[in-house]
>>> print(open('entry_29.cif').read())   # mmCIF, C-alpha atoms
data_work
#
loop_
_atom_site.label_atom_id
_atom_site.label_comp_id
_atom_site.auth_asym_id
_atom_site.auth_seq_id
_atom_site.Cartn_x
_atom_site.Cartn_y
_atom_site.Cartn_z
CA MET A 1 8.11 -23.57 -23.17
CA ARG A 2 6.15 -26.36 -24.90
CA GLY A 3 2.66 -27.76 -25.22
CA SER A 4 -0.34 -26.09 -23.63
CA ARG A 5 1.74 -23.29 -22.11
CA LEU A 6 2.12 -21.77 -25.56
CA ARG A 7 -1.49 -22.17 -26.70
CA ARG A 8 -3.30 -18.86 -27.18
CA ASP A 9 -6.99 -18.17 -26.65
CA PRO A 10 -8.35 -15.52 -29.04
CA VAL A 11 -10.32 -14.02 -26.14
CA SER A 12 -8.23 -11.98 -23.73
CA MET A 13 -8.65 -12.75 -20.02
CA ARG A 14 -8.16 -10.40 -17.09
CA ILE A 15 -5.98 -11.73 -14.28
CA ALA A 16 -5.55 -10.31 -10.76
CA LEU A 17 -2.38 -10.95 -8.75
CA GLY A 18 -1.42 -10.44 -5.12
CA ILE A 19 2.20 -9.31 -4.79
CA GLU A 20 4.52 -9.00 -1.80
CA TYR A 21 7.72 -6.98 -1.92
CA ASP A 22 10.53 -5.45 0.07
CA GLY A 23 10.78 -1.93 -1.30
CA THR A 24 14.24 -1.13 0.10
CA GLU A 25 16.12 -1.50 -3.18
CA PHE A 26 13.41 0.00 -5.40
CA LEU A 27 12.68 3.58 -6.43
CA GLY A 28 9.01 2.85 -5.81
CA TRP A 29 6.23 0.94 -7.51
CA GLN A 30 5.87 2.97 -10.71
CA ARG A 31 7.81 1.98 -13.82
CA LEU A 32 10.76 4.32 -14.43
CA ALA A 33 13.22 4.78 -17.26
CA HIS A 34 16.09 5.71 -14.94
CA GLY A 35 15.94 3.17 -12.13
CA ARG A 36 14.66 -0.08 -10.61
CA SER A 37 10.92 -0.21 -9.93
CA VAL A 38 8.60 -2.94 -8.67
CA GLN A 39 6.27 -2.49 -11.63
CA GLY A 40 9.20 -2.86 -14.00
CA VAL A 41 10.38 -6.22 -12.63
CA VAL A 42 6.82 -7.56 -12.33
CA GLU A 43 5.99 -6.68 -15.93
CA ALA A 44 9.26 -8.19 -17.17
CA ALA A 45 8.54 -11.46 -15.33
CA LEU A 46 4.93 -11.69 -16.56
CA THR A 47 6.01 -10.90 -20.11
CA ARG A 48 8.26 -13.96 -20.06
CA VAL A 49 5.45 -16.16 -18.71
CA ALA A 50 2.82 -14.86 -21.16
CA ALA A 51 5.21 -14.77 -24.14
CA HIS A 52 3.84 -11.32 -25.03
CA PRO A 53 4.23 -7.82 -23.52
CA VAL A 54 2.32 -7.39 -20.26
CA ALA A 55 1.39 -4.11 -18.54
CA VAL A 56 -0.05 -4.15 -15.01
CA THR A 57 -2.24 -1.71 -13.06
CA CYS A 58 -1.92 -1.62 -9.26
CA ALA A 59 -4.28 -0.82 -6.39
CA GLY A 60 -2.02 1.90 -5.00
CA ARG A 61 1.46 3.10 -5.92
CA THR A 62 4.10 2.98 -3.19
CA ASP A 63 7.12 5.27 -2.82
CA ALA A 64 10.82 4.45 -2.80
CA GLY A 65 11.70 2.23 0.15
CA VAL A 66 8.07 1.36 1.01
CA HIS A 67 7.06 -2.31 1.25
CA ALA A 68 3.86 -4.27 0.50
CA ARG A 69 2.26 -7.35 2.07
CA CYS A 70 -0.40 -7.68 -0.61
CA GLN A 71 -0.29 -5.24 -3.48
CA VAL A 72 -3.04 -6.14 -5.97
CA VAL A 73 -2.62 -5.69 -9.72
CA HIS A 74 -4.54 -6.66 -12.83
CA PHE A 75 -3.47 -7.31 -16.41
CA ASP A 76 -4.97 -8.70 -19.60
CA SER A 77 -3.59 -11.66 -21.52
CA ASP A 78 -4.72 -14.09 -24.19
CA ALA A 79 -2.10 -16.61 -23.06
CA VAL A 80 -3.61 -19.80 -21.64
CA ARG A 81 -2.09 -20.31 -18.19
CA SER A 82 -3.39 -21.85 -14.97
CA GLU A 83 -3.39 -19.82 -11.75
CA ARG A 84 -0.49 -21.97 -10.54
CA ALA A 85 1.45 -21.36 -13.75
CA TRP A 86 1.09 -17.58 -13.40
CA VAL A 87 2.36 -17.73 -9.80
CA LEU A 88 5.23 -20.16 -10.28
CA GLY A 89 6.23 -18.75 -13.65
CA ALA A 90 6.32 -15.18 -12.38
CA ASN A 91 8.25 -16.08 -9.23
CA SER A 92 10.87 -18.00 -11.19
CA ASN A 93 11.57 -14.78 -13.11
CA LEU A 94 11.34 -12.29 -10.24
CA PRO A 95 14.17 -11.09 -7.96
CA ARG A 96 14.24 -12.32 -4.37
CA ASP A 97 12.66 -9.14 -2.98
CA VAL A 98 9.39 -9.58 -4.95
CA ALA A 99 6.96 -12.53 -4.90
CA VAL A 100 3.56 -13.23 -6.45
CA LEU A 101 1.32 -14.69 -3.73
CA TRP A 102 -1.73 -15.70 -5.77
CA ALA A 103 -3.42 -15.32 -9.16
CA ARG A 104 -7.14 -15.17 -9.95
CA PRO A 105 -9.06 -14.78 -13.21
CA VAL A 106 -11.49 -11.87 -12.78
CA ALA A 107 -14.30 -10.26 -14.76
CA ASP A 108 -13.40 -7.64 -17.35
CA ALA A 109 -15.10 -5.00 -15.15
CA PHE A 110 -12.52 -5.52 -12.38
CA HIS A 111 -9.96 -2.74 -11.99
CA ALA A 112 -7.27 -3.05 -9.30
CA ARG A 113 -7.36 0.67 -8.50
CA PHE A 114 -10.93 1.79 -9.12
CA CYS A 115 -12.66 -1.27 -7.63
CA ALA A 116 -10.80 -0.97 -4.32
CA HIS A 117 -13.04 0.54 -1.64
CA SER A 118 -10.23 0.91 0.89
CA ARG A 119 -6.49 0.63 1.50
CA ARG A 120 -4.63 -0.37 4.66
CA TYR A 121 -1.16 0.66 5.78
CA ARG A 122 0.97 -0.19 8.80
CA TYR A 123 3.86 1.90 10.06
CA THR A 124 6.24 0.16 12.47
CA ILE A 125 8.59 1.93 14.89
CA LEU A 126 11.29 0.27 16.96
CA ASN A 127 11.23 2.35 20.15
CA ARG A 128 14.35 1.58 22.16
CA PRO A 129 17.75 3.21 22.82
CA VAL A 130 19.56 0.91 20.36
CA ARG A 131 18.90 0.86 16.61
CA ALA A 132 17.76 -2.28 14.81
CA ALA A 133 20.06 -4.67 12.98
CA LEU A 134 17.88 -7.61 11.88
CA ASP A 135 14.78 -5.48 11.28
CA ALA A 136 16.46 -2.31 9.99
CA ARG A 137 14.88 -2.64 6.54
CA ARG A 138 11.33 -2.94 7.90
CA MET A 139 11.20 -0.62 10.90
CA ALA A 140 11.80 3.02 11.65
CA TRP A 141 13.78 3.78 14.80
CA GLU A 142 12.95 6.20 17.60
CA ARG A 143 15.27 6.26 20.62
CA VAL A 144 13.12 8.61 22.77
CA PRO A 145 10.35 6.75 24.68
CA LEU A 146 6.96 7.20 22.98
CA ASP A 147 3.57 7.51 24.65
CA ALA A 148 1.60 5.27 22.28
CA GLU A 149 -1.67 5.91 24.11
CA ALA A 150 -1.35 9.68 23.62
CA MET A 151 -0.56 9.10 19.95
CA HIS A 152 -3.65 6.91 19.58
CA VAL A 153 -5.94 9.46 21.22
CA ALA A 154 -4.53 12.24 19.02
CA ALA A 155 -4.95 10.16 15.87
CA GLN A 156 -8.71 9.78 16.36
CA ALA A 157 -9.09 13.41 15.22
CA LEU A 158 -8.35 12.19 11.68
CA LEU A 159 -11.39 9.90 11.43
CA GLY A 160 -13.97 10.57 8.75
CA GLU A 161 -13.82 12.60 5.57
CA ASN A 162 -11.45 15.54 5.87
CA ASP A 163 -9.14 17.82 3.94
CA PHE A 164 -5.68 16.31 4.50
CA SER A 165 -3.65 19.16 2.98
CA ALA A 166 -1.54 19.33 6.16
CA PHE A 167 -0.29 15.80 5.47
CA ARG A 168 0.11 16.02 1.70
CA THR A 169 3.42 16.42 -0.11
CA ALA A 170 3.85 19.35 -2.47
CA GLN A 171 4.41 16.84 -5.31
CA CYS A 172 1.03 15.16 -4.77
CA GLN A 173 -0.95 15.01 -8.03
CA ALA A 174 -4.32 14.05 -6.54
CA ARG A 175 -7.21 16.16 -7.78
CA THR A 176 -8.54 16.74 -4.25
CA PRO A 177 -7.04 16.60 -0.73
CA MET A 178 -10.27 15.06 0.63
CA ARG A 179 -9.88 11.53 2.02
CA ASN A 180 -12.00 9.38 4.31
CA VAL A 181 -10.07 7.69 7.14
CA HIS A 182 -12.07 4.67 8.33
CA TRP A 183 -9.94 3.82 11.35
CA ILE A 184 -6.53 4.46 12.87
CA ARG A 185 -4.86 2.66 15.77
CA VAL A 186 -1.60 3.24 17.59
CA GLN A 187 -0.46 0.49 19.93
CA ARG A 188 2.65 -0.78 21.66
CA ARG A 189 3.91 -4.33 22.00
CA GLY A 190 7.14 -4.35 23.93
CA ALA A 191 9.62 -2.10 22.14
CA VAL A 192 7.53 -1.93 18.96
CA VAL A 193 4.95 0.79 18.27
CA THR A 194 2.65 0.32 15.28
CA VAL A 195 0.37 2.78 13.53
CA ASP A 196 -2.39 1.04 11.54
CA ILE A 197 -4.60 3.11 9.28
CA GLY A 198 -7.36 2.34 6.80
CA ALA A 199 -8.96 4.80 4.40
CA ASN A 200 -10.74 4.95 1.08
CA ALA A 201 -7.48 6.21 -0.46
CA PHE A 202 -4.32 8.10 0.50
CA LEU A 203 -2.49 11.18 -0.69
CA HIS A 204 1.20 11.15 -1.58
CA HIS A 205 3.22 10.69 1.66
CA MET A 206 0.01 11.00 3.69
CA VAL A 207 0.72 8.11 6.09
CA ARG A 208 4.37 9.05 6.59
CA ASN A 209 3.42 12.68 7.23
CA ILE A 210 0.76 11.65 9.75
CA VAL A 211 3.31 9.48 11.57
CA GLY A 212 5.84 12.31 11.44
CA SER A 213 3.30 14.52 13.23
CA LEU A 214 2.35 11.84 15.77
CA LEU A 215 5.94 11.36 16.89
CA PRO A 216 6.28 14.81 18.56
CA ILE A 217 3.08 14.00 20.47
CA GLY A 218 4.48 10.61 21.51
CA ARG A 219 7.70 12.28 22.70
CA GLY A 220 5.72 14.84 24.73
CA GLU A 221 6.89 17.77 22.60
CA GLN A 222 3.35 18.61 21.45
CA PRO A 223 -0.06 18.20 23.15
CA VAL A 224 -2.59 15.59 22.06
CA ALA A 225 -4.74 18.32 20.51
CA TRP A 226 -1.94 19.33 18.12
CA LEU A 227 -2.88 16.81 15.41
CA ALA A 228 -6.44 18.14 15.23
CA GLN A 229 -5.04 21.68 14.96
CA LEU A 230 -2.81 20.63 12.07
CA LEU A 231 -5.74 19.00 10.28
CA ARG A 232 -7.88 22.12 10.62
CA GLY A 233 -5.01 24.43 9.62
CA ARG A 234 -4.31 22.56 6.33
CA ASP A 235 -0.73 23.89 6.34
CA ARG A 236 1.91 21.27 5.54
CA SER A 237 4.73 23.65 6.51
CA VAL A 238 3.84 23.56 10.23
CA ALA A 239 3.22 19.81 10.52
CA GLY A 240 5.85 17.25 11.47
CA PRO A 241 8.54 15.96 9.08
CA THR A 242 7.95 13.03 6.75
CA ALA A 243 8.70 9.78 8.60
CA ALA A 244 11.26 7.38 7.13
CA ALA A 245 10.07 5.09 4.33
CA ALA A 246 11.49 1.91 5.87
CA GLY A 247 8.74 1.63 8.48
CA LEU A 248 5.84 1.71 6.04
CA VAL A 249 4.04 -1.33 4.62
CA PHE A 250 1.07 -1.29 2.26
CA VAL A 251 -0.92 -4.09 3.92
CA ALA A 252 -3.66 -4.60 1.33
CA PRO A 253 -6.49 -2.97 -0.56
CA GLY A 254 -10.09 -3.95 0.23
CA TYR A 255 -12.54 -5.17 -2.42
CA PRO A 256 -16.20 -6.24 -2.29
CA ALA A 257 -16.79 -9.99 -2.09
CA GLN A 258 -18.24 -10.03 -5.63
CA TRP A 259 -14.72 -10.16 -7.09
CA ASN A 260 -13.89 -13.46 -5.35
CA LEU A 261 -10.41 -12.43 -4.26
CA PRO A 262 -8.55 -13.92 -1.25
CA ALA A 263 -9.74 -13.00 2.24
CA THR A 264 -6.74 -10.75 2.89
CA CYS A 265 -8.09 -8.22 0.38
CA THR A 266 -11.85 -8.86 0.60
CA LEU A 267 -13.97 -6.58 2.77
CA ALA A 268 -15.80 -8.20 5.65
CA ASP A 269 -19.50 -7.57 6.30
CA GLY A 270 -20.06 -4.07 7.61
CA ALA A 271 -16.84 -2.67 6.13
CA PRO A 272 -17.06 0.59 4.13
CA SER A 273 -18.67 -0.33 0.81
CA ALA A 274 -20.18 2.39 -1.34
CA ALA A 275 -18.62 1.99 -4.79
CA PRO A 276 -20.77 0.70 -7.67
CA ALA A 277 -20.32 -2.75 -9.20
CA GLN A 278 -18.94 -1.16 -12.38
CA CYS A 279 -15.72 0.47 -11.20
CA GLU A 280 -15.15 4.00 -12.45
CA PRO A 281 -12.20 6.41 -11.95
#
>>> encode(input="entry_29.cif", output="C-alpha cells")
Amino acid sequence: MRGSRLRRDPVSMRIALGIEYDGTEFLGWQRLAHGRSVQGVVEAALTRVAAHPVAVTCAGRTDAGVHARCQVVHFDSDAVRSERAWVLGANSNLPRDVAVLWARPVADAFHARFCAHSRRYRYTILNRPVRAALDARRMAWERVPLDAEAMHVAAQALLGENDFSAFRTAQCQARTPMRNVHWIRVQRRGAVVTVDIGANAFLHHMVRNIVGSLLPIGRGEQPVAWLAQLLRGRDRSVAGPTAAAAGLVFVAPGYPAQWNLPATCTLADGAPSAAPAQCEP
C-alpha cells in the first residue's frame, strides 16, 4: 500500500461496521484458538487494511452455524482510511462467506454491544415433505405440517420482561435470565414458516430453544397454552429440544438515531428506547 493509505493520524478513531455472514462453516462468532470463527477472519482482514492489529467488539455473539444479515461491530484505529477503503479493503481480504456491508466513523462513546437497545432474529423453517437442497444451509426442515397460527398465538405469552430460564442453555453465562421480548411473530408463506423475534437481548440458545418448544405446538403435540406453562415453570429440562442452527439468522441490532448508523440498524420512532446516551455495560 502507498500514499495516503499508509498515513497515520495520532488520534485514534472509532469505526463501526455492518457485517453479513453465512455461519455454516464457522464455530461461531467468538475468536477461538482451536477453530474458524467469524471474529477471527474479520480481525485478520481489518489488520491487513489498517496495517496494525485490530480487535473488534460485536453487538451480539452468534453460535456455530448461525448466520447474520447485519452484525454490527466497532474497533479503534489511528489508520487514515475512507469508509469505502475500509469496506473494499476488508472484503478483498475476507473469505466468500463473510462480507462487510458498510463502515461509519462513530463517536468514542459508541459501543456495539452496550449501545444496542434491541436485537432481532429470524428463524426459517421449510415445512414440506421433502428436504431442501438449494436452501439447506439457511433453513431448518420440518416434514410434519405446522399450524403457524397456533404457534403465533402461543408465542405471545413470551412478550414483556420475563425470566427465560426455560429457554436458556446450561452453558449460558448471562448474569440474569431476565429478558424483555418486544415482539414475536410466526407466519407462513407457502411452504416456509418464519419466526421473527425482537428483544432487548437474548440468552444463549434462547431463540433456538423457543423455536424448539413452538414446533410441538405447531405439530399438534402440545396445546397452545404449553409455552406459557414452560415460561412460568422455568425448567429447561421439560421444554422442547434446541432447534437446528441452520435456520437462525441474526437480522440486526437496533440503535438510537443519535449514532447515525444505516436504517437497517437504527430504531424507528416509537421503538423501545430507554438506554442512556453514554452506553454502559
>>> axis_aligned_box(input="entry_29.cif", around="stretch 117-131 of chain A", padding_each_side="8 Å", output="lines of an AutoDock Vina configuration file")
center_x = 3.3
center_y = 1.4
center_z = 10.6
size_x = 48.6
size_y = 19.6
size_z = 40.5
>>> atom_distance(input="entry_29.cif", atom1="atom CA of A:Ala103", atom2="atom CA of A:Trp86")
6.6 Å
>>> resolve_selection(input="entry_29.cif", expression="the PyMOL selection byres ((chain A and resi 123-133) around 6)", output="list in words")
Arg122, Leu134, Asp135, Ala136, Met139, Ala140, Trp141, Glu142, Arg143, Ala191, Val192, Val193, Thr194, Val195, Gly247 and Leu248 of chain A
>>> write_last_selection(input="entry_29.cif", atoms="C-alpha atoms", output="short mmCIF file (atom, residue, chain, number, x, y, z; two decimals), in the frame of the given file")
data_model
loop_
_atom_site.label_atom_id
_atom_site.label_comp_id
_atom_site.auth_asym_id
_atom_site.auth_seq_id
_atom_site.Cartn_x
_atom_site.Cartn_y
_atom_site.Cartn_z
CA ARG A 122 0.97 -0.19 8.80
CA LEU A 134 17.88 -7.61 11.88
CA ASP A 135 14.78 -5.48 11.28
CA ALA A 136 16.46 -2.31 9.99
CA MET A 139 11.20 -0.62 10.90
CA ALA A 140 11.80 3.02 11.65
CA TRP A 141 13.78 3.78 14.80
CA GLU A 142 12.95 6.20 17.60
CA ARG A 143 15.27 6.26 20.62
CA ALA A 191 9.62 -2.10 22.14
CA VAL A 192 7.53 -1.93 18.96
CA VAL A 193 4.95 0.79 18.27
CA THR A 194 2.65 0.32 15.28
CA VAL A 195 0.37 2.78 13.53
CA GLY A 247 8.74 1.63 8.48
CA LEU A 248 5.84 1.71 6.04
#
>>> resolve_selection(input="entry_29.cif", expression="the PyMOL selection byres ((chain A and resi 239) around 12)", output="PyMOL selection string")
chain A and resi 164-169+206+208-217+222+226-238+240-243
>>> atom_distance(input="entry_29.cif", atom1="atom CA of A:Ala199", atom2="atom CA of A:Asp22")
22.4 Å
>>> residues_around(input="entry_29.cif", residues="stretch 253-261 of chain A", least_positions_apart="6", cutoff="7 Å", atoms="all atoms listed in the file", output="tab-separated table (two decimals) with C-alpha atoms, in the coordinates of the input")
chain	number	residue	atom	x	y	z
A	59	ALA	CA	-4.28	-0.82	-6.39
A	106	VAL	CA	-11.49	-11.87	-12.78
A	115	CYS	CA	-12.66	-1.27	-7.63
A	116	ALA	CA	-10.80	-0.97	-4.32
A	117	HIS	CA	-13.04	0.54	-1.64
A	118	SER	CA	-10.23	0.91	0.89
A	119	ARG	CA	-6.49	0.63	1.50
A	120	ARG	CA	-4.63	-0.37	4.66
A	267	LEU	CA	-13.97	-6.58	2.77
>>> atom_distance(input="entry_29.cif", atom1="atom CA of A:Val42", atom2="atom CA of A:Arg104")
16.1 Å
>>> resolve_selection(input="entry_29.cif", expression="the PyMOL selection byres ((chain A and resi 71) around 8)", output="list in words")
Gly18, Ile19, Glu20, Cys58, Ala59, Gly60, Ala68, Arg69, Cys70, Val72, Val73, Phe250, Val251, Ala252 and Pro253 of chain A
>>> closest_residue(input="entry_29.cif", among="A:His74, A:His67, A:Arg61, A:Arg14", to="A:Glu43", atoms="only C-alpha atoms")
A:His74
>>> decode(input="entry_29.cif", residues="stretch 137-236 of chain A", atoms="C-alpha atoms", output="PDB file, in the first residue's frame")
ATOM      1  CA  ARG A 137     -27.703 -24.016   4.680  1.00  0.00           C
ATOM      2  CA  ARG A 138     -30.243 -21.332   5.597  1.00  0.00           C
ATOM      3  CA  MET A 139     -33.381 -23.212   6.614  1.00  0.00           C
ATOM      4  CA  ALA A 140     -34.385 -25.838   9.120  1.00  0.00           C
ATOM      5  CA  TRP A 141     -36.626 -28.616   7.832  1.00  0.00           C
ATOM      6  CA  GLU A 142     -39.864 -29.943   9.304  1.00  0.00           C
ATOM      7  CA  ARG A 143     -41.753 -32.586   7.326  1.00  0.00           C
ATOM      8  CA  VAL A 144     -44.878 -32.647   9.557  1.00  0.00           C
ATOM      9  CA  PRO A 145     -47.395 -29.880   8.653  1.00  0.00           C
ATOM     10  CA  LEU A 146     -47.189 -26.973  11.114  1.00  0.00           C
ATOM     11  CA  ASP A 147     -50.052 -24.814  12.366  1.00  0.00           C
ATOM     12  CA  ALA A 148     -48.292 -21.436  12.161  1.00  0.00           C
ATOM     13  CA  GLU A 149     -51.299 -19.589  13.586  1.00  0.00           C
ATOM     14  CA  ALA A 150     -51.299 -21.753  16.729  1.00  0.00           C
ATOM     15  CA  MET A 151     -47.557 -21.180  17.082  1.00  0.00           C
ATOM     16  CA  HIS A 152     -48.063 -17.419  16.788  1.00  0.00           C
ATOM     17  CA  VAL A 153     -50.806 -17.344  19.412  1.00  0.00           C
ATOM     18  CA  ALA A 154     -48.683 -19.429  21.789  1.00  0.00           C
ATOM     19  CA  ALA A 155     -45.654 -17.195  21.276  1.00  0.00           C
ATOM     20  CA  GLN A 156     -47.469 -14.082  22.510  1.00  0.00           C
ATOM     21  CA  ALA A 157     -47.109 -15.441  26.064  1.00  0.00           C
ATOM     22  CA  LEU A 158     -43.420 -14.510  25.860  1.00  0.00           C
ATOM     23  CA  LEU A 159     -43.995 -10.766  25.419  1.00  0.00           C
ATOM     24  CA  GLY A 160     -42.627  -8.382  28.011  1.00  0.00           C
ATOM     25  CA  GLU A 161     -39.965  -8.816  30.660  1.00  0.00           C
ATOM     26  CA  ASN A 162     -39.785 -12.378  31.930  1.00  0.00           C
ATOM     27  CA  ASP A 163     -37.489 -14.993  33.399  1.00  0.00           C
ATOM     28  CA  PHE A 164     -36.461 -17.107  30.393  1.00  0.00           C
ATOM     29  CA  SER A 165     -34.735 -19.901  32.339  1.00  0.00           C
ATOM     30  CA  ALA A 166     -36.862 -22.485  30.490  1.00  0.00           C
ATOM     31  CA  PHE A 167     -35.229 -21.426  27.213  1.00  0.00           C
ATOM     32  CA  ARG A 168     -31.675 -20.936  28.440  1.00  0.00           C
ATOM     33  CA  THR A 169     -28.826 -23.379  27.854  1.00  0.00           C
ATOM     34  CA  ALA A 170     -26.941 -24.709  30.856  1.00  0.00           C
ATOM     35  CA  GLN A 171     -23.765 -23.119  29.435  1.00  0.00           C
ATOM     36  CA  CYS A 172     -25.280 -19.616  29.402  1.00  0.00           C
ATOM     37  CA  GLN A 173     -23.033 -17.139  31.232  1.00  0.00           C
ATOM     38  CA  ALA A 174     -25.531 -14.267  31.480  1.00  0.00           C
ATOM     39  CA  ARG A 175     -25.810 -12.765  34.947  1.00  0.00           C
ATOM     40  CA  THR A 176     -29.622 -12.877  34.886  1.00  0.00           C
ATOM     41  CA  PRO A 177     -32.250 -14.877  32.947  1.00  0.00           C
ATOM     42  CA  MET A 178     -34.485 -11.780  32.699  1.00  0.00           C
ATOM     43  CA  ARG A 179     -35.071 -10.540  29.145  1.00  0.00           C
ATOM     44  CA  ASN A 180     -37.648  -8.241  27.568  1.00  0.00           C
ATOM     45  CA  VAL A 181     -39.249  -9.585  24.379  1.00  0.00           C
ATOM     46  CA  HIS A 182     -40.644  -6.644  22.393  1.00  0.00           C
ATOM     47  CA  TRP A 183     -42.463  -8.648  19.741  1.00  0.00           C
ATOM     48  CA  ILE A 184     -42.658 -12.121  18.236  1.00  0.00           C
ATOM     49  CA  ARG A 185     -44.408 -13.218  15.039  1.00  0.00           C
ATOM     50  CA  VAL A 186     -44.914 -16.610  13.454  1.00  0.00           C
ATOM     51  CA  GLN A 187     -46.210 -16.625   9.895  1.00  0.00           C
ATOM     52  CA  ARG A 188     -46.429 -18.883   6.872  1.00  0.00           C
ATOM     53  CA  ARG A 189     -45.730 -18.074   3.235  1.00  0.00           C
ATOM     54  CA  GLY A 190     -46.268 -21.147   1.135  1.00  0.00           C
ATOM     55  CA  ALA A 191     -44.022 -23.914   2.452  1.00  0.00           C
ATOM     56  CA  VAL A 192     -41.933 -21.538   4.577  1.00  0.00           C
ATOM     57  CA  VAL A 193     -42.694 -20.744   8.228  1.00  0.00           C
ATOM     58  CA  THR A 194     -40.759 -17.902   9.853  1.00  0.00           C
ATOM     59  CA  VAL A 195     -40.392 -16.950  13.499  1.00  0.00           C
ATOM     60  CA  ASP A 196     -39.359 -13.299  13.940  1.00  0.00           C
ATOM     61  CA  ILE A 197     -38.448 -12.075  17.399  1.00  0.00           C
ATOM     62  CA  GLY A 198     -37.112  -8.820  18.819  1.00  0.00           C
ATOM     63  CA  ALA A 199     -35.895  -8.259  22.362  1.00  0.00           C
ATOM     64  CA  ASN A 200     -33.558  -6.082  24.365  1.00  0.00           C
ATOM     65  CA  ALA A 201     -31.103  -9.011  24.441  1.00  0.00           C
ATOM     66  CA  PHE A 202     -31.068 -12.809  24.258  1.00  0.00           C
ATOM     67  CA  LEU A 203     -29.753 -15.650  26.375  1.00  0.00           C
ATOM     68  CA  HIS A 204     -27.528 -18.388  24.959  1.00  0.00           C
ATOM     69  CA  HIS A 205     -29.659 -20.574  22.617  1.00  0.00           C
ATOM     70  CA  MET A 206     -32.774 -18.644  23.670  1.00  0.00           C
ATOM     71  CA  VAL A 207     -34.266 -18.260  20.175  1.00  0.00           C
ATOM     72  CA  ARG A 208     -33.479 -21.831  19.134  1.00  0.00           C
ATOM     73  CA  ASN A 209     -34.968 -23.175  22.374  1.00  0.00           C
ATOM     74  CA  ILE A 210     -38.123 -21.096  21.899  1.00  0.00           C
ATOM     75  CA  VAL A 211     -38.492 -22.431  18.357  1.00  0.00           C
ATOM     76  CA  GLY A 212     -37.844 -25.967  19.598  1.00  0.00           C
ATOM     77  CA  SER A 213     -40.768 -25.539  22.005  1.00  0.00           C
ATOM     78  CA  LEU A 214     -43.045 -23.961  19.389  1.00  0.00           C
ATOM     79  CA  LEU A 215     -42.635 -26.878  16.997  1.00  0.00           C
ATOM     80  CA  PRO A 216     -44.553 -29.421  19.165  1.00  0.00           C
ATOM     81  CA  ILE A 217     -47.389 -26.875  19.328  1.00  0.00           C
ATOM     82  CA  GLY A 218     -47.296 -26.441  15.545  1.00  0.00           C
ATOM     83  CA  ARG A 219     -47.417 -30.228  15.082  1.00  0.00           C
ATOM     84  CA  GLY A 220     -50.403 -30.504  17.442  1.00  0.00           C
ATOM     85  CA  GLU A 221     -48.458 -32.500  20.043  1.00  0.00           C
ATOM     86  CA  GLN A 222     -48.871 -29.806  22.721  1.00  0.00           C
ATOM     87  CA  PRO A 223     -51.647 -27.258  23.375  1.00  0.00           C
ATOM     88  CA  VAL A 224     -51.229 -23.542  22.705  1.00  0.00           C
ATOM     89  CA  ALA A 225     -51.032 -22.890  26.455  1.00  0.00           C
ATOM     90  CA  TRP A 226     -47.933 -25.105  26.790  1.00  0.00           C
ATOM     91  CA  LEU A 227     -45.437 -22.327  26.002  1.00  0.00           C
ATOM     92  CA  ALA A 228     -46.828 -20.129  28.784  1.00  0.00           C
ATOM     93  CA  GLN A 229     -46.575 -23.081  31.174  1.00  0.00           C
ATOM     94  CA  LEU A 230     -42.935 -23.605  30.230  1.00  0.00           C
ATOM     95  CA  LEU A 231     -42.168 -19.930  30.780  1.00  0.00           C
ATOM     96  CA  ARG A 232     -43.753 -19.961  34.236  1.00  0.00           C
ATOM     97  CA  GLY A 233     -42.103 -23.273  35.175  1.00  0.00           C
ATOM     98  CA  ARG A 234     -38.551 -22.025  34.367  1.00  0.00           C
ATOM     99  CA  ASP A 235     -37.403 -25.623  33.851  1.00  0.00           C
ATOM    100  CA  ARG A 236     -35.281 -26.154  30.737  1.00  0.00           C
TER     101      ARG A 236
END
